file start14.txt (compact mmCIF, C-alpha atoms)
# COMPACT_ATOMS: atom_id res chain seq x y z
CA MET A 1460 127.81 123.97 96.35
CA SER A 1461 129.90 126.13 98.63
CA GLU A 1462 131.25 125.11 101.99
CA GLN A 1463 129.45 126.46 105.05
CA ASN A 1464 131.50 128.90 107.13
CA PRO A 1465 132.26 127.08 110.43
CA GLU A 1466 131.89 130.33 112.34
CA THR A 1467 128.31 130.86 111.16
CA CYS A 1468 127.18 127.22 111.04
CA SER A 1469 124.25 126.44 113.36
CA HIS A 1470 124.82 122.67 113.01
CA ASN A 1471 121.19 122.34 111.92
CA CYS A 1472 121.50 120.70 108.52
CA GLU A 1473 117.79 120.35 107.83
CA GLY A 1474 117.39 123.71 106.11
CA CYS A 1475 120.93 123.99 104.80
CA SER A 1476 122.07 123.35 101.22
CA SER A 1477 125.81 123.59 101.84
CA ASN A 1478 127.90 120.53 101.11
CA CYS A 1479 130.06 120.59 104.22
CA ALA A 1480 132.03 117.82 105.87
CA GLU A 1481 129.62 117.55 108.80
CA ARG A 1482 126.80 116.59 106.44
CA GLU A 1483 128.92 113.74 105.10
CA LYS A 1484 129.33 112.14 108.53
CA PRO A 1485 126.04 110.57 109.70
CA GLU A 1486 127.43 110.00 113.19
CA SER A 1487 127.68 113.78 113.63
CA PHE A 1488 123.88 113.95 113.88
CA ARG A 1489 123.70 111.48 116.78
CA ILE A 1490 122.28 112.79 120.03
CA GLU A 1491 122.55 111.43 123.56
CA PRO A 1492 119.71 110.85 126.02
CA ASN A 1493 119.75 112.77 129.27
CA ALA A 1494 122.16 111.53 131.90
CA LYS A 1495 119.42 109.86 133.98
CA SER A 1496 118.06 107.71 131.15
CA LYS A 1497 119.14 104.16 130.45
CA ILE A 1498 118.13 102.71 127.08
CA ARG A 1499 119.68 99.46 125.93
CA ARG A 1500 118.07 98.87 122.53
CA ILE A 1501 116.09 101.06 120.15
CA ILE A 1502 113.97 99.58 117.36
CA GLY A 1503 112.13 101.69 114.81
CA VAL A 1504 108.80 100.54 113.36
CA VAL A 1505 108.27 101.96 109.88
CA SER A 1506 106.01 101.64 106.86
CA GLY A 1507 105.97 103.03 103.36
CA LYS A 1508 102.41 104.31 103.66
CA GLY A 1509 99.68 104.82 106.22
CA GLY A 1510 96.86 102.49 107.14
CA VAL A 1511 98.85 99.27 107.42
CA GLY A 1512 98.63 99.00 111.22
CA LYS A 1513 102.12 100.15 112.15
CA SER A 1514 101.03 101.55 115.51
CA PHE A 1515 99.15 98.33 116.22
CA VAL A 1516 102.32 96.32 115.52
CA THR A 1517 104.38 98.69 117.69
CA SER A 1518 102.01 98.21 120.63
CA ILE A 1519 102.09 94.43 120.20
CA LEU A 1520 105.88 94.35 120.16
CA ALA A 1521 106.14 96.50 123.28
CA SER A 1522 103.46 94.50 125.11
CA GLU A 1523 105.10 91.19 124.24
CA MET A 1524 108.51 92.33 125.43
CA GLN A 1525 106.97 93.58 128.66
CA ARG A 1526 105.15 90.25 129.06
CA ARG A 1527 108.46 88.42 128.69
CA GLY A 1528 109.90 90.32 131.62
CA HIS A 1529 111.78 93.07 129.77
CA HIS A 1530 111.27 96.77 130.42
CA ALA A 1531 109.62 98.18 127.28
CA ALA A 1532 109.01 101.74 126.13
CA VAL A 1533 107.27 103.40 123.19
CA MET A 1534 108.22 106.74 121.69
CA ASP A 1535 105.36 107.89 119.46
CA ALA A 1536 107.26 109.69 116.71
CA ASP A 1537 104.14 110.21 114.62
CA ILE A 1538 103.97 113.74 115.97
CA THR A 1539 101.06 115.05 113.88
CA GLY A 1540 99.05 111.82 114.03
CA PRO A 1541 99.73 110.36 117.48
CA SER A 1542 97.83 107.22 118.43
CA MET A 1543 99.72 105.56 121.28
CA GLY A 1544 97.75 107.32 124.00
CA LYS A 1545 94.55 105.87 122.60
CA VAL A 1546 96.09 102.44 121.98
CA PHE A 1547 97.23 102.10 125.59
CA GLY A 1548 94.32 103.97 127.18
CA ILE A 1549 96.51 106.79 128.48
CA THR A 1550 94.75 110.07 129.27
CA GLU A 1551 97.23 111.75 131.61
CA LYS A 1552 99.43 114.63 130.47
CA MET A 1553 103.20 114.88 130.51
CA TYR A 1554 104.80 116.51 133.52
CA GLY A 1555 108.32 117.41 134.60
CA ASP A 1556 110.34 118.52 137.58
CA GLY A 1557 112.26 121.32 135.90
CA GLU A 1558 115.08 119.03 134.83
CA VAL A 1559 113.43 116.15 132.96
CA ALA A 1560 109.98 115.16 131.73
CA TYR A 1561 108.42 111.84 132.71
CA PRO A 1562 106.67 109.35 130.44
CA ALA A 1563 103.31 107.88 131.23
CA LYS A 1564 103.15 104.22 132.21
CA THR A 1565 100.61 101.63 131.16
CA LYS A 1566 99.09 99.23 133.67
CA SER A 1567 101.71 96.67 132.70
CA GLY A 1568 104.55 99.19 133.14
CA ILE A 1569 105.33 100.18 129.52
CA GLN A 1570 106.72 103.72 129.38
CA VAL A 1571 105.01 105.86 126.72
CA VAL A 1572 105.52 109.36 125.34
CA THR A 1573 103.19 110.76 122.70
CA THR A 1574 102.28 114.24 121.45
CA ASN A 1575 98.77 114.06 122.89
CA MET A 1576 100.33 114.11 126.35
CA MET A 1577 101.44 117.67 125.53
CA LEU A 1578 98.08 118.95 124.24
CA GLU A 1579 95.18 120.40 126.21
CA GLN A 1580 92.67 118.39 124.17
CA ASP A 1581 93.28 115.08 122.41
CA ASP A 1582 91.49 116.29 119.27
CA GLN A 1583 93.62 119.43 119.04
CA PRO A 1584 95.47 119.36 115.68
CA VAL A 1585 99.25 119.56 115.59
CA ILE A 1586 100.06 122.08 112.85
CA TRP A 1587 103.84 122.28 112.92
CA ARG A 1588 106.44 122.51 110.19
CA GLY A 1589 109.08 119.85 109.61
CA PRO A 1590 111.96 121.37 111.62
CA ILE A 1591 109.71 121.80 114.68
CA VAL A 1592 108.46 118.21 114.39
CA ALA A 1593 112.05 116.97 114.13
CA GLY A 1594 112.93 119.03 117.20
CA VAL A 1595 110.16 117.38 119.23
CA ILE A 1596 111.61 113.96 118.37
CA ARG A 1597 114.94 115.05 119.81
CA GLN A 1598 113.22 116.41 122.91
CA PHE A 1599 111.40 113.12 123.44
CA TYR A 1600 114.74 111.36 123.42
CA GLN A 1601 116.91 113.90 125.26
CA GLU A 1602 114.57 115.54 127.76
CA VAL A 1603 112.44 112.60 128.90
CA TYR A 1604 113.64 110.38 131.72
CA TRP A 1605 113.52 106.87 130.24
CA GLU A 1606 113.95 104.61 133.25
CA ASP A 1607 115.91 101.39 132.73
CA VAL A 1608 114.54 100.54 129.27
CA ASP A 1609 115.50 97.22 127.67
CA TYR A 1610 113.60 97.81 124.43
CA MET A 1611 112.39 101.13 123.11
CA PHE A 1612 110.09 100.97 120.09
CA VAL A 1613 109.82 104.13 117.99
CA ASP A 1614 106.50 104.33 116.15
CA MET A 1615 107.26 106.43 113.08
CA PRO A 1616 104.87 108.15 110.67
CA PRO A 1617 104.51 106.61 107.21
CA GLY A 1618 106.75 107.58 104.33
CA THR A 1619 110.34 108.73 104.03
CA GLY A 1620 110.12 112.35 105.19
CA ASP A 1621 111.52 114.52 107.98
CA VAL A 1622 110.71 112.29 110.95
CA PRO A 1623 112.14 108.99 109.65
CA LEU A 1624 115.20 110.91 108.47
CA THR A 1625 115.63 112.54 111.89
CA VAL A 1626 115.22 109.21 113.72
CA PHE A 1627 117.60 107.38 111.38
CA GLN A 1628 120.26 110.07 111.79
CA SER A 1629 119.79 111.09 115.42
CA LEU A 1630 119.01 107.94 117.38
CA PRO A 1631 121.35 104.96 117.80
CA LEU A 1632 118.95 102.47 116.22
CA ASP A 1633 119.65 98.78 116.64
CA GLY A 1634 117.43 98.19 113.64
CA ILE A 1635 113.99 98.71 112.16
CA ILE A 1636 110.98 96.53 111.45
CA VAL A 1637 109.03 97.28 108.28
CA VAL A 1638 105.25 96.80 108.40
CA SER A 1639 103.27 95.99 105.28
CA SER A 1640 99.83 94.76 104.19
CA PRO A 1641 98.90 92.58 101.21
CA GLN A 1642 97.76 95.23 98.68
CA ASP A 1643 99.83 95.65 95.49
CA LEU A 1644 100.33 99.38 96.10
CA VAL A 1645 101.65 98.81 99.61
CA SER A 1646 104.27 96.34 98.39
CA MET A 1647 105.66 98.94 96.03
CA VAL A 1648 105.72 101.68 98.65
CA VAL A 1649 107.24 99.38 101.28
CA GLU A 1650 110.26 98.96 99.04
CA LYS A 1651 110.81 102.71 99.27
CA ALA A 1652 111.11 102.41 103.06
CA ILE A 1653 113.48 99.45 102.65
CA ASN A 1654 115.63 101.36 100.16
CA MET A 1655 115.73 104.41 102.45
CA ALA A 1656 117.01 102.27 105.31
CA ASP A 1657 119.67 100.77 103.05
CA MET A 1658 120.77 104.25 101.93
CA MET A 1659 120.97 105.39 105.56
CA HIS A 1660 122.86 102.22 106.58
CA VAL A 1661 120.14 101.25 109.06
CA LYS A 1662 119.76 97.54 109.74
CA ILE A 1663 116.41 96.00 108.77
CA LEU A 1664 115.46 93.30 111.27
CA GLY A 1665 112.64 91.96 109.13
CA LEU A 1666 109.16 92.44 107.70
CA ILE A 1667 105.74 92.03 109.30
CA GLU A 1668 102.61 91.74 107.20
CA ASN A 1669 99.48 92.96 108.95
CA MET A 1670 95.89 92.12 107.88
CA SER A 1671 97.41 89.19 106.02
CA TYR A 1672 94.30 87.00 106.05
CA VAL A 1673 91.22 86.07 108.02
CA GLU A 1674 90.49 82.54 109.11
CA CYS A 1675 86.99 81.27 108.35
CA PRO A 1676 85.35 80.42 111.71
CA ASP A 1677 83.46 77.52 110.09
CA CYS A 1678 85.99 75.69 107.93
CA GLY A 1679 89.30 77.17 109.07
CA ARG A 1680 90.35 78.25 105.59
CA LYS A 1681 92.59 81.32 105.36
CA ILE A 1682 90.85 83.96 103.27
CA GLN A 1683 92.97 86.67 101.65
CA VAL A 1684 90.62 89.61 102.05
CA PHE A 1685 92.95 92.10 100.36
CA GLY A 1686 94.20 89.77 97.66
CA PRO A 1687 97.31 87.61 97.42
CA SER A 1688 100.28 88.50 99.59
CA HIS A 1689 103.53 89.79 98.06
CA ILE A 1690 105.52 89.89 101.29
CA GLU A 1691 107.57 86.78 100.55
CA GLU A 1692 108.74 88.02 97.15
CA VAL A 1693 109.67 91.43 98.61
CA ALA A 1694 111.60 89.67 101.37
CA ARG A 1695 113.45 87.45 98.89
CA LYS A 1696 114.29 90.39 96.66
CA HIS A 1697 115.98 92.24 99.53
CA GLY A 1698 117.32 89.24 101.44
CA LEU A 1699 115.06 89.88 104.44
CA GLU A 1700 113.13 87.68 106.85
CA VAL A 1701 109.35 87.70 107.21
CA LEU A 1702 108.95 87.87 110.99
CA ALA A 1703 105.17 87.44 111.11
CA ARG A 1704 101.95 87.50 109.14
CA ILE A 1705 99.22 88.90 111.37
CA PRO A 1706 95.60 87.96 110.56
CA LEU A 1707 92.63 90.27 110.76
CA ARG A 1708 90.71 89.93 113.99
CA GLU A 1709 87.69 87.75 113.40
CA GLU A 1710 85.03 90.26 114.46
CA ASN A 1711 86.48 93.04 112.28
CA ALA A 1712 86.89 90.76 109.28
CA LEU A 1713 83.34 89.43 109.59
CA ARG A 1714 82.00 92.98 109.77
CA PHE A 1715 84.00 93.96 106.68
CA LEU A 1716 82.93 90.98 104.59
CA ARG A 1717 79.28 91.13 105.59
CA SER A 1718 79.13 94.83 104.80
CA ALA A 1719 80.17 93.80 101.29
CA GLY A 1720 77.33 91.27 101.20
CA LEU A 1721 79.66 88.29 101.62
CA PRO A 1722 78.93 86.51 104.92
CA ILE A 1723 81.52 83.90 105.78
CA SER A 1724 80.40 80.31 106.21
CA SER A 1725 81.46 76.91 104.99
CA LYS A 1726 78.70 77.11 102.38
CA ASN A 1727 80.13 80.11 100.54
CA CYS A 1728 83.90 79.84 101.08
CA SER A 1729 84.10 78.94 97.37
CA LYS A 1730 83.39 82.63 96.64
CA PHE A 1731 86.91 83.44 97.81
CA ARG A 1732 88.72 80.78 95.78

call {"tool": "encode", "arguments": {"input": "start14.txt", "output": "structure tokens"}}
result
Amino acid sequence: MSEQNPETCSHNCEGCSSNCAEREKPESFRIEPNAKSKIRRIIGVVSGKGGVGKSFVTSILASEMQRRGHHAAVMDADITGPSMGKVFGITEKMYGDGEVAYPAKTKSGIQVVTTNMMLEQDDQPVIWRGPIVAGVIRQFYQEVYWEDVDYMFVDMPPGTGDVPLTVFQSLPLDGIIVVSSPQDLVSMVVEKAINMADMMHVKILGLIENMSYVECPDCGRKIQVFGPSHIEEVARKHGLEVLARIPLREENALRFLRSAGLPISSKNCSKFR
């Protein structure tokens, strides 16, 4: 491949095929927040595929840090499928003063920015191409006034596409947490996210398995609704720590099992052995 002419280079490598020196230096993609912002640590929350509860885990992490007395923030980087407004019950829209935009705040004080805060209607679809989506991520970081944040959690869309690549390259991540669920397919796809982080030299803080089991309300036995877990073997393979195994909420699990004709009680727990 030919070198890009420095005089004509736009410094936007996303649509460029040239093999120039700038592409070979990951630090050259790093961006700075606006001068008013103060962000001490940034942690990405990723998954190999959708439906594993990544946004749920992100909200728990932010809420727990806020509960412990830290100042937490959430950047919803799932631009085309934002959920953080709904998770935190935020209905207000983003506003600015001509210089910076301001995040919404939850009742507990967590700062949140999500695409739905930019839309007239929450059900309005976001039909944007990759470069535009990546640009919004940069705007969320550079043009929003993040006030005295101890921990920012970046809720990323599933997979290894434009947005995770932009976040890995552009933001000074302190590490990522990989979210999984027990299904065989998920374990395979999760390894793709782990391998991407390794290739991008991004530190993996650990793994969290969501929907790991449900505890029988009668006998206390842990029932593996989605089959046996593979999280420990994935962790061992990559030298990672399993940070948590989150159970299904009782009411949701009961609804799921009963819809399948399998009510949980001490009399029929043998059906799950």

call {"tool": "closest_residue", "arguments": {"input": "start14.txt", "among": "A:Ser1629, A:Asn1493, A:Gln1598, A:Ser1518", "to": "A:Ala1532", "atoms": "all atoms listed in the file"}}
result
A:Ser1518

call {"tool": "closest_residue", "arguments": {"input": "start14.txt", "among": "A:Val1673, A:Ala1703, A:Ile1663, A:Val1571", "to": "A:Asp1535", "atoms": "all atoms listed in the file"}}
result
A:Val1571

call {"tool": "atom_distance", "arguments": {"input": "start14.txt", "atom1": "atom CA of A:Tyr1672", "atom2": "atom CA of A:Val1511"}}
result
13.2 Å

call {"tool": "axis_aligned_box", "arguments": {"input": "start14.txt", "around": "stretch 1549-1558 of chain A", "padding_each_side": "3 Å", "output": "AutoDock Vina command-line options"}}
result
--center_x 104.9 --center_y 114.1 --center_z 133.0 --size_x 26.3 --size_y 20.5 --size_z 15.1

call {"tool": "closest_residue", "arguments": {"input": "start14.txt", "among": "A:Ala1521, A:Val1603, A:Ile1705, A:Val1572", "to": "A:Gly1557", "atoms": "all atoms listed in the file"}}
result
A:Val1603

call {"tool": "residues_around", "arguments": {"input": "start14.txt", "residues": "A:Glu1691", "least_positions_apart": "4", "cutoff": "12 Å", "atoms": "all atoms listed in the file", "output": "count of residues only"}}
result
20

call {"tool": "atom_distance", "arguments": {"input": "start14.txt", "atom1": "atom CA of A:Asp1556", "atom2": "atom CA of A:Gln1525"}}
result
26.7 Å

call {"tool": "residues_around", "arguments": {"input": "start14.txt", "residues": "A:Leu1630", "least_positions_apart": "5", "cutoff": "10 Å", "atoms": "all atoms listed in the file", "output": "PyMOL selection string"}}
result
chain A and resi 1486+1488-1492+1501-1503+1596-1597+1600+1613+1625

call {"tool": "closest_residue", "arguments": {"input": "start14.txt", "among": "A:Ser1522, A:Thr1619, A:Gln1601, A:Thr1550", "to": "A:Asn1575", "atoms": "all atoms listed in the file"}}
result
A:Thr1550

call {"tool": "residues_around", "arguments": {"input": "start14.txt", "residues": "A:Ile1586", "least_positions_apart": "5", "cutoff": "12 Å", "atoms": "all atoms listed in the file", "output": "JSON, numbers by chain"}}
result
{"A": [1538, 1539, 1540, 1574, 1578, 1591, 1592]}

call {"tool": "closest_residue", "arguments": {"input": "start14.txt", "among": "A:Arg1588, A:Arg1526, A:Lys1564, A:Lys1513", "to": "A:Glu1606", "atoms": "only C-alpha atoms"}}
result
A:Lys1564

call {"tool": "atom_distance", "arguments": {"input": "start14.txt", "atom1": "atom CA of A:Trp1605", "atom2": "atom CA of A:Ser1567"}}
result
15.8 Å

call {"tool": "closest_residue", "arguments": {"input": "start14.txt", "among": "A:Met1576, A:Ile1549, A:Val1638, A:Met1658", "to": "A:Leu1624", "atoms": "all atoms listed in the file"}}
result
A:Met1658

call {"tool": "residues_around", "arguments": {"input": "start14.txt", "residues": "A:Met1577", "least_positions_apart": "4", "cutoff": "12 Å", "atoms": "only C-alpha atoms", "output": "PDB file with C-alpha atoms, keeping the file's coordinate frame"}}
result
ATOM      1  CA  ILE A1538     103.970 113.740 115.970  1.00  0.00           C
ATOM      2  CA  THR A1539     101.060 115.050 113.880  1.00  0.00           C
ATOM      3  CA  PRO A1541      99.730 110.360 117.480  1.00  0.00           C
ATOM      4  CA  GLY A1544      97.750 107.320 124.000  1.00  0.00           C
ATOM      5  CA  THR A1550      94.750 110.070 129.270  1.00  0.00           C
ATOM      6  CA  GLU A1551      97.230 111.750 131.610  1.00  0.00           C
ATOM      7  CA  LYS A1552      99.430 114.630 130.470  1.00  0.00           C
ATOM      8  CA  MET A1553     103.200 114.880 130.510  1.00  0.00           C
ATOM      9  CA  TYR A1554     104.800 116.510 133.520  1.00  0.00           C
ATOM     10  CA  GLY A1555     108.320 117.410 134.600  1.00  0.00           C
ATOM     11  CA  ALA A1560     109.980 115.160 131.730  1.00  0.00           C
ATOM     12  CA  TYR A1561     108.420 111.840 132.710  1.00  0.00           C
ATOM     13  CA  PRO A1562     106.670 109.350 130.440  1.00  0.00           C
ATOM     14  CA  ALA A1563     103.310 107.880 131.230  1.00  0.00           C
ATOM     15  CA  VAL A1572     105.520 109.360 125.340  1.00  0.00           C
ATOM     16  CA  THR A1573     103.190 110.760 122.700  1.00  0.00           C
ATOM     17  CA  ASP A1581      93.280 115.080 122.410  1.00  0.00           C
ATOM     18  CA  ASP A1582      91.490 116.290 119.270  1.00  0.00           C
ATOM     19  CA  GLN A1583      93.620 119.430 119.040  1.00  0.00           C
ATOM     20  CA  PRO A1584      95.470 119.360 115.680  1.00  0.00           C
ATOM     21  CA  VAL A1585      99.250 119.560 115.590  1.00  0.00           C
ATOM     22  CA  VAL A1595     110.160 117.380 119.230  1.00  0.00           C
ATOM     23  CA  PHE A1599     111.400 113.120 123.440  1.00  0.00           C
TER      24      PHE A1599
END

call {"tool": "build_atoms", "arguments": {"input": "start14.txt", "residues": "stretch 1520-1538 of chain A", "atoms": "N, CA and C atoms", "output": "PDB file, in the frame of the given file"}}
result
ATOM      1  N   LEU A1520     104.474  94.634 119.867  1.00  0.00           N
ATOM      2  CA  LEU A1520     105.880  94.350 120.160  1.00  0.00           C
ATOM      3  C   LEU A1520     106.253  94.791 121.575  1.00  0.00           C
ATOM      4  N   ALA A1521     105.832  95.997 121.939  1.00  0.00           N
ATOM      5  CA  ALA A1521     106.140  96.500 123.280  1.00  0.00           C
ATOM      6  C   ALA A1521     105.460  95.651 124.350  1.00  0.00           C
ATOM      7  N   SER A1522     104.210  95.296 124.125  1.00  0.00           N
ATOM      8  CA  SER A1522     103.460  94.500 125.110  1.00  0.00           C
ATOM      9  C   SER A1522     104.070  93.114 125.271  1.00  0.00           C
ATOM     10  N   GLU A1523     104.510  92.523 124.156  1.00  0.00           N
ATOM     11  CA  GLU A1523     105.100  91.190 124.240  1.00  0.00           C
ATOM     12  C   GLU A1523     106.430  91.211 124.980  1.00  0.00           C
ATOM     13  N   MET A1524     107.244  92.223 124.712  1.00  0.00           N
ATOM     14  CA  MET A1524     108.510  92.330 125.430  1.00  0.00           C
ATOM     15  C   MET A1524     108.280  92.546 126.922  1.00  0.00           C
ATOM     16  N   GLN A1525     107.291  93.359 127.256  1.00  0.00           N
ATOM     17  CA  GLN A1525     106.970  93.580 128.660  1.00  0.00           C
ATOM     18  C   GLN A1525     106.465  92.284 129.296  1.00  0.00           C
ATOM     19  N   ARG A1526     105.669  91.521 128.554  1.00  0.00           N
ATOM     20  CA  ARG A1526     105.150  90.250 129.060  1.00  0.00           C
ATOM     21  C   ARG A1526     106.271  89.261 129.335  1.00  0.00           C
ATOM     22  N   ARG A1527     107.328  89.342 128.526  1.00  0.00           N
ATOM     23  CA  ARG A1527     108.460  88.420 128.690  1.00  0.00           C
ATOM     24  C   ARG A1527     109.401  88.832 129.811  1.00  0.00           C
ATOM     25  N   GLY A1528     109.090  89.914 130.493  1.00  0.00           N
ATOM     26  CA  GLY A1528     109.900  90.320 131.620  1.00  0.00           C
ATOM     27  C   GLY A1528     110.908  91.418 131.334  1.00  0.00           C
ATOM     28  N   HIS A1529     110.907  91.948 130.103  1.00  0.00           N
ATOM     29  CA  HIS A1529     111.780  93.070 129.770  1.00  0.00           C
ATOM     30  C   HIS A1529     111.071  94.383 130.094  1.00  0.00           C
ATOM     31  N   HIS A1530     111.846  95.445 130.218  1.00  0.00           N
ATOM     32  CA  HIS A1530     111.270  96.770 130.420  1.00  0.00           C
ATOM     33  C   HIS A1530     111.125  97.433 129.047  1.00  0.00           C
ATOM     34  N   ALA A1531     109.879  97.652 128.620  1.00  0.00           N
ATOM     35  CA  ALA A1531     109.620  98.180 127.280  1.00  0.00           C
ATOM     36  C   ALA A1531     109.169  99.636 127.350  1.00  0.00           C
ATOM     37  N   ALA A1532     109.426 100.346 126.252  1.00  0.00           N
ATOM     38  CA  ALA A1532     109.010 101.740 126.130  1.00  0.00           C
ATOM     39  C   ALA A1532     108.590 102.003 124.697  1.00  0.00           C
ATOM     40  N   VAL A1533     107.718 102.990 124.525  1.00  0.00           N
ATOM     41  CA  VAL A1533     107.270 103.400 123.190  1.00  0.00           C
ATOM     42  C   VAL A1533     107.409 104.906 123.061  1.00  0.00           C
ATOM     43  N   MET A1534     108.168 105.334 122.060  1.00  0.00           N
ATOM     44  CA  MET A1534     108.220 106.740 121.690  1.00  0.00           C
ATOM     45  C   MET A1534     107.355 106.918 120.454  1.00  0.00           C
ATOM     46  N   ASP A1535     106.270 107.656 120.581  1.00  0.00           N
ATOM     47  CA  ASP A1535     105.360 107.890 119.460  1.00  0.00           C
ATOM     48  C   ASP A1535     105.922 109.039 118.625  1.00  0.00           C
ATOM     49  N   ALA A1536     106.634 108.684 117.551  1.00  0.00           N
ATOM     50  CA  ALA A1536     107.260 109.690 116.710  1.00  0.00           C
ATOM     51  C   ALA A1536     106.344 110.183 115.606  1.00  0.00           C
ATOM     52  N   ASP A1537     105.120 109.683 115.572  1.00  0.00           N
ATOM     53  CA  ASP A1537     104.140 110.210 114.620  1.00  0.00           C
ATOM     54  C   ASP A1537     103.536 111.461 115.253  1.00  0.00           C
ATOM     55  N   ILE A1538     104.276 112.537 115.192  1.00  0.00           N
ATOM     56  CA  ILE A1538     103.970 113.740 115.970  1.00  0.00           C
ATOM     57  C   ILE A1538     102.626 114.357 115.592  1.00  0.00           C
TER      58      ILE A1538
END
